[in-house]
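Colleague: If it helps, the file is called start-v8.pdb and holds PDB, C-alpha atoms and all ligand atoms:
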```
ATOM      1  CA  MET A 200       0.000   0.000   0.000
ATOM      2  CA  SER A 201       2.892   2.352   0.737
ATOM      3  CA  GLY A 202       4.057   1.548  -2.809
ATOM      4  CA  ALA A 203       1.780   4.348  -4.031
ATOM      5  CA  ILE A 204       4.114   6.822  -2.365
ATOM      6  CA  ALA A 205       7.222   4.781  -3.305
ATOM      7  CA  GLY A 206       7.720   3.327   0.199
ATOM      8  CA  THR A 207      10.144   5.266   2.355
ATOM      9  CA  ALA A 208      11.392   7.155  -0.736
ATOM     10  CA  ILE A 209       8.871   9.923  -0.111
ATOM     11  CA  LEU A 210      10.624  10.738   3.174
ATOM     12  CA  ASN A 211      13.632  11.956   1.164
ATOM     13  CA  THR A 212      11.805  14.007  -1.454
ATOM     14  CA  LYS A 213      10.623  17.596  -1.561
ATOM     15  CA  PRO A 214       7.448  18.869  -3.208
ATOM     16  CA  GLU A 215       9.051  20.565  -6.210
ATOM     17  CA  GLU A 216       7.054  19.141  -9.149
ATOM     18  CA  LYS A 217      10.103  17.640 -10.832
ATOM     19  CA  LEU A 218      10.249  14.003 -11.849
ATOM     20  CA  GLN A 219      12.413  12.299  -9.244
ATOM     21  CA  THR A 220      11.169   8.790  -8.618
ATOM     22  CA  ILE A 221       9.537   6.070 -10.694
ATOM     23  CA  THR A 222       7.754   3.350  -8.784
ATOM     24  CA  LEU A 223       8.125   0.409 -11.150
ATOM     25  CA  THR A 224       5.647  -2.451 -10.761
ATOM     26  CA  VAL A 225       7.725  -5.251 -12.271
ATOM     27  CA  ASN A 226       5.117  -8.008 -11.999
ATOM     28  CA  ASN A 227       1.713  -8.949 -10.671
ATOM     29  CA  LYS A 228       2.571 -12.110  -8.758
ATOM     30  CA  CYS A 229       2.917 -12.667  -5.019
ATOM     31  CA  ASN A 230       3.684 -15.561  -2.699
ATOM     32  CA  LEU A 231       1.182 -14.192  -0.132
ATOM     33  CA  LYS A 232      -2.466 -13.166  -0.027
ATOM     34  CA  CYS A 233      -2.713 -10.297   2.459
ATOM     35  CA  SER A 234      -6.116  -9.166   3.648
ATOM     36  CA  HIS A 235      -5.365  -5.495   2.923
ATOM     37  CA  CYS A 236      -3.611  -5.867  -0.460
ATOM     38  CA  TYR A 237      -4.431  -3.117  -2.976
ATOM     39  CA  LEU A 238      -2.656  -4.814  -5.871
ATOM     40  CA  GLN A 239      -5.315  -7.398  -6.519
ATOM     41  CA  ASP A 240      -5.616  -7.553 -10.268
ATOM     42  CA  ASP A 241      -5.753 -10.390 -12.776
ATOM     43  CA  ASP A 242      -2.994  -9.203 -15.031
ATOM     44  CA  THR A 243       0.211 -11.280 -15.126
ATOM     45  CA  GLY A 244       3.554 -10.919 -16.878
ATOM     46  CA  PHE A 245       6.821  -9.109 -16.242
ATOM     47  CA  VAL A 246       8.059  -5.682 -17.305
ATOM     48  CA  ASP A 247       9.743  -5.896 -20.735
ATOM     49  CA  SER A 248      12.818  -4.225 -22.232
ATOM     50  CA  GLU A 249      10.801  -1.631 -24.163
ATOM     51  CA  ILE A 250       9.245  -0.293 -20.955
ATOM     52  CA  LEU A 251      12.564  -0.501 -19.118
ATOM     53  CA  ASN A 252      14.236   1.562 -21.840
ATOM     54  CA  LYS A 253      11.663   4.301 -21.322
ATOM     55  CA  VAL A 254      12.377   4.232 -17.588
ATOM     56  CA  ILE A 255      16.115   4.400 -18.255
ATOM     57  CA  LYS A 256      15.715   7.316 -20.691
ATOM     58  CA  SER A 257      13.739   9.343 -18.158
ATOM     59  CA  THR A 258      15.442  11.868 -15.889
ATOM     60  CA  ALA A 259      14.178  10.068 -12.764
ATOM     61  CA  LYS A 260      17.199   9.399 -10.588
ATOM     62  CA  HIS A 261      15.561   6.863  -8.312
ATOM     63  CA  ILE A 262      13.673   3.743  -9.361
ATOM     64  CA  VAL A 263      11.708   1.938  -6.657
ATOM     65  CA  ILE A 264      11.124  -1.673  -7.666
ATOM     66  CA  VAL A 265       7.765  -2.910  -6.426
ATOM     67  CA  GLY A 266       5.528  -5.732  -7.580
ATOM     68  CA  LYS A 267       2.988  -7.168  -6.490
ATOM     69  CA  GLU A 268       6.020  -9.038  -5.035
ATOM     70  CA  PRO A 269       9.272  -8.482  -6.996
ATOM     71  CA  LEU A 270      10.925 -11.566  -5.494
ATOM     72  CA  ALA A 271       8.197 -13.841  -6.832
ATOM     73  CA  ASP A 272      10.332 -13.502 -10.017
ATOM     74  CA  ILE A 273      13.835 -13.428  -8.534
ATOM     75  CA  GLU A 274      15.842 -13.919 -11.703
ATOM     76  CA  LYS A 275      14.001 -11.341 -13.779
ATOM     77  CA  THR A 276      13.902  -8.842 -10.918
ATOM     78  CA  SER A 277      17.648  -9.299 -10.389
ATOM     79  CA  GLN A 278      18.310  -8.651 -14.089
ATOM     80  CA  THR A 279      16.143  -5.523 -13.892
ATOM     81  CA  ILE A 280      18.028  -4.207 -10.852
ATOM     82  CA  GLN A 281      21.333  -4.820 -12.624
ATOM     83  CA  LEU A 282      20.213  -3.087 -15.832
ATOM     84  CA  LEU A 283      18.917  -0.022 -14.000
ATOM     85  CA  ASN A 284      22.026   0.130 -11.858
ATOM     86  CA  GLU A 285      24.330  -0.114 -14.871
ATOM     87  CA  ASN A 286      22.422   2.758 -16.449
ATOM     88  CA  GLY A 287      23.108   5.050 -13.526
ATOM     89  CA  LYS A 288      19.817   4.816 -11.649
ATOM     90  CA  GLN A 289      19.623   4.607  -7.884
ATOM     91  CA  VAL A 290      17.547   1.511  -7.193
ATOM     92  CA  SER A 291      15.623   0.422  -4.098
ATOM     93  CA  MET A 292      13.003  -2.274  -3.615
ATOM     94  CA  VAL A 293       9.768  -2.793  -1.682
ATOM     95  CA  THR A 294       9.301  -6.481  -0.873
ATOM     96  CA  ASN A 295       7.775  -8.782   1.713
ATOM     97  CA  GLY A 296      11.348 -10.061   2.177
ATOM     98  CA  ILE A 297      10.470 -13.746   2.358
ATOM     99  CA  ASN A 298      12.674 -14.686  -0.618
ATOM    100  CA  LEU A 299      15.449 -12.206   0.061
ATOM    101  CA  HIS A 300      17.976 -14.912   1.027
ATOM    102  CA  LYS A 301      17.598 -16.407  -2.466
ATOM    103  CA  MET A 302      19.027 -13.301  -4.123
ATOM    104  CA  ASP A 303      22.581 -13.077  -5.384
ATOM    105  CA  ARG A 304      24.585 -11.011  -2.851
ATOM    106  CA  ASN A 305      26.173  -8.919  -5.616
ATOM    107  CA  ILE A 306      22.729  -7.888  -6.882
ATOM    108  CA  LEU A 307      21.626  -7.094  -3.328
ATOM    109  CA  LYS A 308      24.573  -4.721  -3.016
ATOM    110  CA  MET A 309      23.278  -2.762  -6.029
ATOM    111  CA  LEU A 310      20.248  -1.718  -4.010
ATOM    112  CA  LYS A 311      20.566   1.542  -2.103
ATOM    113  CA  TYR A 312      18.130   0.215   0.493
ATOM    114  CA  ILE A 313      15.289  -2.267   0.893
ATOM    115  CA  ASP A 314      11.823  -1.621   2.350
ATOM    116  CA  ILE A 315      10.398  -4.795   3.865
ATOM    117  CA  SER A 316       6.684  -4.893   4.544
ATOM    118  CA  MET A 317       5.949  -6.919   7.657
ATOM    119  CA  ASP A 318       2.747  -5.779   9.392
ATOM    120  CA  GLY A 319       3.748  -7.594  12.560
ATOM    121  CA  GLY A 320       6.460  -8.059  15.172
ATOM    122  CA  PRO A 321       7.993 -10.970  17.137
ATOM    123  CA  LYS A 322       4.594 -12.040  18.504
ATOM    124  CA  THR A 323       2.268 -11.006  15.699
ATOM    125  CA  TYR A 324       4.164 -11.483  12.421
ATOM    126  CA  SER A 325       2.174 -14.021  10.415
ATOM    127  CA  ARG A 326       3.504 -13.841   6.865
ATOM    128  CA  SER A 327       6.166 -16.513   7.357
ATOM    129  CA  ASN A 328       8.513 -17.656  10.112
ATOM    130  CA  TYR A 329       9.663 -14.649  12.180
ATOM    131  CA  GLU A 330      13.156 -16.053  12.823
ATOM    132  CA  THR A 331      13.671 -16.587   9.086
ATOM    133  CA  ILE A 332      12.596 -13.072   8.189
ATOM    134  CA  LEU A 333      14.856 -11.684  10.943
ATOM    135  CA  LYS A 334      17.843 -13.307   9.217
ATOM    136  CA  ASN A 335      16.758 -11.789   5.907
ATOM    137  CA  LEU A 336      16.650  -8.341   7.503
ATOM    138  CA  GLU A 337      20.380  -8.650   8.089
ATOM    139  CA  LEU A 338      21.259  -9.296   4.446
ATOM    140  CA  HIS A 339      21.438  -5.613   3.547
ATOM    141  CA  PRO A 340      22.907  -2.787   5.673
ATOM    142  CA  ASN A 341      19.991  -0.459   4.898
ATOM    143  CA  THR A 342      16.792  -2.304   5.628
ATOM    144  CA  ASN A 343      13.651  -0.369   6.497
ATOM    145  CA  ILE A 344      10.451  -1.831   7.863
ATOM    146  CA  LEU A 345       6.935  -1.021   6.652
ATOM    147  CA  HIS A 346       3.729  -1.739   8.549
ATOM    148  CA  THR A 347       0.171  -1.042   7.398
ATOM    149  CA  ILE A 348      -2.134  -0.093  10.256
ATOM    150  CA  TYR A 349      -5.854  -0.876  10.451
ATOM    151  CA  ASN A 350      -8.491  -1.581  13.112
ATOM    152  CA  GLU A 351      -7.581  -5.254  13.341
ATOM    153  CA  ASN A 352      -3.881  -4.726  14.182
ATOM    154  CA  LEU A 353      -3.961  -1.416  16.103
ATOM    155  CA  GLU A 354      -3.226  -3.166  19.376
ATOM    156  CA  ASN A 355      -0.027  -4.671  17.943
ATOM    157  CA  ILE A 356       1.947  -1.421  17.586
ATOM    158  CA  ASN A 357       4.352  -2.127  20.448
ATOM    159  CA  ASP A 358       5.096  -5.567  19.059
ATOM    160  CA  MET A 359       5.717  -4.173  15.562
ATOM    161  CA  LEU A 360       8.116  -1.594  17.025
ATOM    162  CA  GLU A 361      10.357  -4.406  18.203
ATOM    163  CA  VAL A 362      11.421  -5.388  14.692
ATOM    164  CA  PRO A 363      15.065  -4.245  14.168
ATOM    165  CA  HIS A 364      15.172  -1.324  11.736
ATOM    166  CA  LYS A 365      17.054   1.635  10.339
ATOM    167  CA  ILE A 366      13.747   3.340   9.614
ATOM    168  CA  MET A 367      10.285   2.014  10.442
ATOM    169  CA  MET A 368       7.304   3.500   8.675
ATOM    170  CA  PHE A 369       3.700   2.826   9.639
ATOM    171  CA  SER A 370       1.005   3.856   7.168
ATOM    172  CA  PRO A 371      -2.743   3.731   7.687
ATOM    173  CA  TYR A 372      -4.757   1.331   5.509
ATOM    174  CA  LEU A 373      -6.632   2.982   2.664
ATOM    175  CA  ILE A 374      -9.780   1.652   1.048
ATOM    176  CA  THR A 375      -8.986   0.964  -2.607
ATOM    177  CA  ASP A 376     -10.892  -0.132  -5.668
ATOM    178  CA  ASN A 377      -9.332  -3.461  -6.653
ATOM    179  CA  LYS A 378     -10.460  -6.748  -8.152
ATOM    180  CA  GLY A 379     -10.164  -8.771  -4.941
ATOM    181  CA  ILE A 380     -11.597  -8.665  -1.435
ATOM    182  CA  ASN A 381     -10.092  -6.785   1.496
ATOM    183  CA  THR A 382     -11.132  -8.121   4.875
ATOM    184  CA  VAL A 383      -9.569  -5.460   7.113
ATOM    185  CA  THR A 384     -11.232  -2.163   8.059
ATOM    186  CA  PRO A 385      -9.721   1.323   8.091
ATOM    187  CA  ALA A 386      -9.187   2.953  11.482
ATOM    188  CA  SER A 387      -9.814   6.692  11.643
ATOM    189  CA  LEU A 388      -6.718   8.896  11.906
ATOM    190  CA  LYS A 389      -7.966  10.099  15.286
ATOM    191  CA  LYS A 390      -8.108   6.525  16.568
ATOM    192  CA  ILE A 391      -4.706   5.706  15.065
ATOM    193  CA  ILE A 392      -3.045   8.778  16.600
ATOM    194  CA  LYS A 393      -4.584   7.910  19.960
ATOM    195  CA  ALA A 394      -3.248   4.348  19.711
ATOM    196  CA  PHE A 395       0.249   5.641  18.866
ATOM    197  CA  SER A 396       0.116   8.119  21.749
ATOM    198  CA  LYS A 397      -0.422   5.175  24.104
ATOM    199  CA  SER A 398       2.325   3.099  22.476
ATOM    200  CA  LYS A 399       6.095   3.120  23.064
ATOM    201  CA  ILE A 400       6.839   4.892  19.752
ATOM    202  CA  LYS A 401       8.509   7.860  21.505
ATOM    203  CA  GLU A 402      11.267   5.436  22.552
ATOM    204  CA  TYR A 403      12.026   4.744  18.875
ATOM    205  CA  PRO A 404      13.455   7.885  17.223
ATOM    206  CA  ASN A 405      13.491   6.330  13.754
ATOM    207  CA  ALA A 406       9.947   4.977  13.809
ATOM    208  CA  TYR A 407       7.290   7.114  12.152
ATOM    209  CA  LEU A 408       3.616   7.117  11.423
ATOM    210  CA  MET A 409       3.387   8.547   7.901
ATOM    211  CA  ILE A 410       0.160  10.302   6.997
ATOM    212  CA  ASP A 411      -0.279  11.563   3.435
ATOM    213  CA  THR A 412      -2.916  13.452   1.486
ATOM    214  CA  TYR A 413      -4.779  10.231   0.600
ATOM    215  CA  HIS A 414      -5.274   9.495   4.291
ATOM    216  CA  LEU A 415      -6.497  13.048   4.912
ATOM    217  CA  GLU A 416      -8.908  12.694   2.005
ATOM    218  CA  GLN A 417     -10.259   9.380   3.315
ATOM    219  CA  ASP A 418     -10.899  10.924   6.735
ATOM    220  CA  LYS A 419     -12.074  14.267   5.292
ATOM    221  CA  LEU A 420      -9.576  16.121   7.477
ATOM    222  CA  THR A 421      -7.544  19.237   6.711
ATOM    223  CA  VAL A 422      -3.807  19.552   7.337
ATOM    224  CA  SER A 423      -4.378  22.016  10.181
ATOM    225  CA  GLU A 424      -6.991  19.792  11.856
ATOM    226  CA  LEU A 425      -4.546  16.906  11.795
ATOM    227  CA  GLU A 426      -1.661  19.057  13.013
ATOM    228  CA  THR A 427      -3.794  20.058  16.009
ATOM    229  CA  GLN A 428      -4.472  16.394  16.825
ATOM    230  CA  ILE A 429      -0.764  15.556  16.570
ATOM    231  CA  LYS A 430       0.208  18.467  18.841
ATOM    232  CA  GLU A 431      -2.399  17.501  21.432
ATOM    233  CA  VAL A 432      -0.660  14.164  21.980
ATOM    234  CA  GLY A 433       2.897  15.476  21.551
ATOM    235  CA  LEU A 434       3.801  13.133  18.717
ATOM    236  CA  GLU A 435       5.395  15.731  16.422
ATOM    237  CA  GLN A 436       8.686  13.780  16.352
ATOM    238  CA  ASN A 437       7.116  10.487  15.331
ATOM    239  CA  ILE A 438       4.426  11.517  12.861
ATOM    240  CA  ILE A 439       5.398  12.626   9.388
ATOM    241  CA  LEU A 440       2.697  14.531   7.592
ATOM    242  CA  ILE A 441       3.080  14.667   3.808
ATOM    243  CA  LYS A 442       1.151  17.805   2.950
ATOM    244  CA  GLN A 443       1.333  17.662  -0.846
ATOM    245  CA  ASP A 444       0.250  14.898  -3.177
ATOM    246  CA  ALA A 445       2.984  12.344  -3.922
ATOM    247  CA  LEU A 446       2.866  13.468  -7.578
ATOM    248  CA  GLU A 447       4.136  16.884  -6.461
ATOM    249  CA  HIS A 448       6.990  15.049  -4.749
ATOM    250  CA  GLY A 449       8.072  13.884  -8.215
ATOM    251  CA  ILE A 450       6.684  10.344  -8.033
ATOM    252  CA  VAL A 451       4.917   8.423 -10.838
ATOM    253  CA  ARG A 452       4.010   4.767 -11.296
ATOM    254  CA  VAL A 453       4.962   2.652 -14.314
ATOM    255  CA  THR A 454       3.459  -0.825 -14.493
ATOM    256  CA  HIS A 455       4.756  -4.115 -15.876
ATOM    257  CA  ASN A 456       2.218  -3.953 -18.697
ATOM    258  CA  GLY A 457       3.231  -0.498 -19.886
ATOM    259  CA  LYS A 458       0.917   1.911 -18.118
ATOM    260  CA  ILE A 459       1.856   5.171 -16.459
ATOM    261  CA  LEU A 460      -0.252   6.486 -13.582
ATOM    262  CA  THR A 461      -0.253   9.181 -10.948
ATOM    263  CA  PRO A 462       0.416   7.867  -7.422
ATOM    264  CA  SER A 463      -3.221   8.400  -6.418
ATOM    265  CA  ASP A 464      -4.529   6.516  -9.459
ATOM    266  CA  SER A 465      -2.052   3.703  -8.815
ATOM    267  CA  LEU A 466      -3.955   2.814  -5.648
ATOM    268  CA  HIS A 467      -7.009   1.670  -7.572
ATOM    269  CA  THR A 468      -6.110  -1.282  -9.800
ATOM    270  CA  GLN A 469      -9.737  -1.850 -10.819
ATOM    271  CA  ARG A 470      -9.648   1.472 -12.670
ATOM    272  CA  TYR A 471      -6.268   1.049 -14.405
ATOM    273  CA  ASP A 472      -7.930   0.565 -17.825
ATOM    274  CA  PHE A 473      -9.349   4.081 -17.542
ATOM    275  CA  THR A 474      -6.710   5.903 -15.491
ATOM    276  CA  GLY A 475      -3.550   4.344 -16.916
ATOM    277  CA  ARG A 476      -2.030   5.766 -20.089
ATOM    278  CA  GLU A 477       0.375   3.980 -22.374
ATOM    279  CA  VAL A 478       3.856   4.809 -21.143
ATOM    280  CA  GLY A 479       5.806   7.009 -23.548
ATOM    281  CA  ASN A 480       8.159   9.890 -22.764
ATOM    282  CA  ILE A 481       7.930   9.713 -18.981
ATOM    283  CA  ASP A 482       9.227  13.250 -18.355
ATOM    284  CA  GLU A 483       6.628  14.716 -20.697
ATOM    285  CA  GLN A 484       3.880  12.588 -19.216
ATOM    286  CA  TYR A 485       4.888  13.619 -15.712
ATOM    287  CA  LYS A 486       4.599  17.299 -16.702
ATOM    288  CA  GLU A 487       1.175  16.656 -18.206
ATOM    289  CA  PHE A 488       0.006  14.972 -14.994
ATOM    290  CA  CYS A 489       1.191  17.998 -13.006
ATOM    291  CA  SER A 490      -0.447  20.488 -15.365
ATOM    292  CA  VAL A 491      -3.794  18.743 -15.028
ATOM    293  CA  GLY A 492      -3.419  18.944 -11.257
ATOM    294  CA  VAL A 493      -4.147  16.445  -8.554
TER     295      VAL A 493
HETATM  296  S1  LIG B 501       2.863  -9.129   0.316
HETATM  297 FE1  LIG B 501       2.214  -7.156  -0.543
HETATM  298  S2  LIG B 501       1.748  -7.605  -2.693
HETATM  299 FE2  LIG B 501       1.782  -9.577  -1.629
HETATM  300  S3  LIG B 501      -0.370  -9.962  -1.082
HETATM  301 FE3  LIG B 501       0.652  -8.959   0.663
HETATM  302  S4  LIG B 501       0.217  -6.759   0.410
HETATM  303 FE4  LIG B 501      -0.181  -7.777  -1.581
END
```
What would you get if you wrote out this structure as structure tokens?
Ligand code: SF4
Modeller:
Amino acid sequence: MSGAIAGTAILNTKPEEKLQTITLTVNNKCNLKCSHCYLQDDDTGFVDSEILNKVIKSTAKHIVIVGKEPLADIEKTSQTIQLLNENGKQVSMVTNGINLHKMDRNILKMLKYIDISMDGGPKTYSRSNYETILKNLELHPNTNILHTIYNENLENINDMLEVPHKIMMFSPYLITDNKGINTVTPASLKKIIKAFSKSKIKEYPNAYLMIDTYHLEQDKLTVSELETQIKEVGLEQNIILIKQDALEHGIVRVTHNGKILTPSDSLHTQRYDFTGREVGNIDEQYKEFCSVGV
């Protein structure tokens, strides 16, 4: 879900309406079936060389490899990382991390950092064996942890905080229009902030709750209303509020089947046939997206 804002990449961008980051959906396969997944679609395949060439030709400095799950196609994903790296792009990856140990160590080193989505800690992680994933977290020196937060896992925050991390980013679950079924329910930002205020997050200086414009829109809240709520509980250090749309932070999505989308449109896979355009000159298309507005 944080793939729409390129994972932790958005934390290092400024809203300057200049193409900076391409979130590249390399495939539509995953080894898991998460209850909150927004990437439920029936399209398969893997990004081809024609699309990759367009990504390479763009002025985007940073390419965030996402999938569904990039490591469901380890060999092809590895070749893609190598190609982008050889062409001077900074490359990172968002993955569930389960297959990370199967990657060639030299390819791993080409990644600037890895965002691993976990949604659980030592007691509550349920995607695979916790001890195995812990070992995978050590394979790269810059491993960040992502957790999606919703009503059903709000009480697990302290457990999630215990996962070793350089940066840990929590993001609230968003309702999306996809072709599958989501069985979790969104918690209001007020409820989430309250839960974090009661948690141990203040003891973790590199753990953040990230709230972006899509969350504000879902809750029908303004930036100043949210800022007031954050101040009331004294969580200014641990909540990052992204006040401009991710598009204005220079982020666009390119999919494995040759579509280009704004970050907000990329959340709704059911609508890709209408919202996605055939990828062409990415810099030009980015400017057109910005001129239309968000
Ligand atoms: S690991 Fe990610 S892509 Fe795979 S099902 Fe879960 S949320 Fe979806």
Colleague: Show me the residues close to (-9.6, 1.7, -3.1) - anything with an atom within 12 Å, counting all atoms listed in the file - and format the list as a PyMOL selection string.
Modeller: chain A and resi 200+203+235-239+372-381+384-385+413-414+417+463-471
Colleague: How would the residues just chosen look if you wrote them out with C-alpha atoms as a PDB file, in the coordinates of the input?
Modeller:
```
ATOM      1  CA  MET A 200       0.000   0.000   0.000  1.00  0.00           C
ATOM      2  CA  ALA A 203       1.780   4.348  -4.031  1.00  0.00           C
ATOM      3  CA  HIS A 235      -5.365  -5.495   2.923  1.00  0.00           C
ATOM      4  CA  CYS A 236      -3.611  -5.867  -0.460  1.00  0.00           C
ATOM      5  CA  TYR A 237      -4.431  -3.117  -2.976  1.00  0.00           C
ATOM      6  CA  LEU A 238      -2.656  -4.814  -5.871  1.00  0.00           C
ATOM      7  CA  GLN A 239      -5.315  -7.398  -6.519  1.00  0.00           C
ATOM      8  CA  TYR A 372      -4.757   1.331   5.509  1.00  0.00           C
ATOM      9  CA  LEU A 373      -6.632   2.982   2.664  1.00  0.00           C
ATOM     10  CA  ILE A 374      -9.780   1.652   1.048  1.00  0.00           C
ATOM     11  CA  THR A 375      -8.986   0.964  -2.607  1.00  0.00           C
ATOM     12  CA  ASP A 376     -10.892  -0.132  -5.668  1.00  0.00           C
ATOM     13  CA  ASN A 377      -9.332  -3.461  -6.653  1.00  0.00           C
ATOM     14  CA  LYS A 378     -10.460  -6.748  -8.152  1.00  0.00           C
ATOM     15  CA  GLY A 379     -10.164  -8.771  -4.941  1.00  0.00           C
ATOM     16  CA  ILE A 380     -11.597  -8.665  -1.435  1.00  0.00           C
ATOM     17  CA  ASN A 381     -10.092  -6.785   1.496  1.00  0.00           C
ATOM     18  CA  THR A 384     -11.232  -2.163   8.059  1.00  0.00           C
ATOM     19  CA  PRO A 385      -9.721   1.323   8.091  1.00  0.00           C
ATOM     20  CA  TYR A 413      -4.779  10.231   0.600  1.00  0.00           C
ATOM     21  CA  HIS A 414      -5.274   9.495   4.291  1.00  0.00           C
ATOM     22  CA  GLN A 417     -10.259   9.380   3.315  1.00  0.00           C
ATOM     23  CA  SER A 463      -3.221   8.400  -6.418  1.00  0.00           C
ATOM     24  CA  ASP A 464      -4.529   6.516  -9.459  1.00  0.00           C
ATOM     25  CA  SER A 465      -2.052   3.703  -8.815  1.00  0.00           C
ATOM     26  CA  LEU A 466      -3.955   2.814  -5.648  1.00  0.00           C
ATOM     27  CA  HIS A 467      -7.009   1.670  -7.572  1.00  0.00           C
ATOM     28  CA  THR A 468      -6.110  -1.282  -9.800  1.00  0.00           C
ATOM     29  CA  GLN A 469      -9.737  -1.850 -10.819  1.00  0.00           C
ATOM     30  CA  ARG A 470      -9.648   1.472 -12.670  1.00  0.00           C
ATOM     31  CA  TYR A 471      -6.268   1.049 -14.405  1.00  0.00           C
TER      32      TYR A 471
END
```
Colleague: Could you check the closest approach to Lys365 of chain A for each of A:Gln428, A:Ser248, A:Asn295, A:Thr207 and tell me which residue wins, using only C-alpha atoms?
Modeller: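 For Lys365 of chain A, the nearest of the candidates is A:Thr207.
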Colleague: With the PyMOL selection byres (((chain A and resi 366) around 6) and not hetatm) as the selection, what would be picked from this file? Answer as number ranges by chain, please.
Modeller: A: 343, 364-365, 367, 405-406
Colleague: For the selection just defined, write its residues with C-alpha atoms to a file, as an mmCIF file, in the frame of the given file.
Modeller:
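again_15.cif, written as the output of this step:
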```
data_model
loop_
_atom_site.group_PDB
_atom_site.id
_atom_site.type_symbol
_atom_site.label_atom_id
_atom_site.label_comp_id
_atom_site.auth_asym_id
_atom_site.auth_seq_id
_atom_site.Cartn_x
_atom_site.Cartn_y
_atom_site.Cartn_z
ATOM 1 C CA ASN A 343 13.651 -0.369 6.497
ATOM 2 C CA HIS A 364 15.172 -1.324 11.736
ATOM 3 C CA LYS A 365 17.054 1.635 10.339
ATOM 4 C CA MET A 367 10.285 2.014 10.442
ATOM 5 C CA ASN A 405 13.491 6.330 13.754
ATOM 6 C CA ALA A 406 9.947 4.977 13.809
#
```
Colleague: Which of these, A:Ile250, A:Val290, A:Ile306, A:Leu223, has the shortest distance to Lys267 of chain A once you count all atoms listed in the file?
Modeller: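 Of A:Ile250, A:Val290, A:Ile306, A:Leu223, the one nearest Lys267 of chain A, counting all atoms listed in the file, is A:Leu223.
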Colleague: For a cut-off of 12 Å around (14.0, 17.9, -12.7), file coordinates, pick out all residues using only C-alpha atoms and list them as a JSON list (two decimals) with C-alpha atoms, in the coordinates of the input.
Modeller:
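After the write, selection.json holds the following:
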```
[["chain", "number", "residue", "atom", "x", "y", "z"],
["A", 213, "LYS", "CA", 10.62, 17.60, -1.56],
["A", 214, "PRO", "CA", 7.45, 18.87, -3.21],
["A", 215, "GLU", "CA", 9.05, 20.56, -6.21],
["A", 216, "GLU", "CA", 7.05, 19.14, -9.15],
["A", 217, "LYS", "CA", 10.10, 17.64, -10.83],
["A", 218, "LEU", "CA", 10.25, 14.00, -11.85],
["A", 219, "GLN", "CA", 12.41, 12.30, -9.24],
["A", 220, "THR", "CA", 11.17, 8.79, -8.62],
["A", 257, "SER", "CA", 13.74, 9.34, -18.16],
["A", 258, "THR", "CA", 15.44, 11.87, -15.89],
["A", 259, "ALA", "CA", 14.18, 10.07, -12.76],
["A", 260, "LYS", "CA", 17.20, 9.40, -10.59],
["A", 261, "HIS", "CA", 15.56, 6.86, -8.31],
["A", 447, "GLU", "CA", 4.14, 16.88, -6.46],
["A", 448, "HIS", "CA", 6.99, 15.05, -4.75],
["A", 449, "GLY", "CA", 8.07, 13.88, -8.22],
["A", 450, "ILE", "CA", 6.68, 10.34, -8.03],
["A", 481, "ILE", "CA", 7.93, 9.71, -18.98],
["A", 482, "ASP", "CA", 9.23, 13.25, -18.36],
["A", 483, "GLU", "CA", 6.63, 14.72, -20.70],
["A", 485, "TYR", "CA", 4.89, 13.62, -15.71],
["A", 486, "LYS", "CA", 4.60, 17.30, -16.70]]
```
Colleague: Quick one: of A:Asn480, A:Asn211, A:Ser291, A:Ser327, who's nearest to ligand LIG 501 (chain B), counting all atoms listed in the file?
Modeller: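 Comparing A:Asn480, A:Asn211, A:Ser291, A:Ser327 against ligand LIG 501 (chain B), the winner is A:Ser327.
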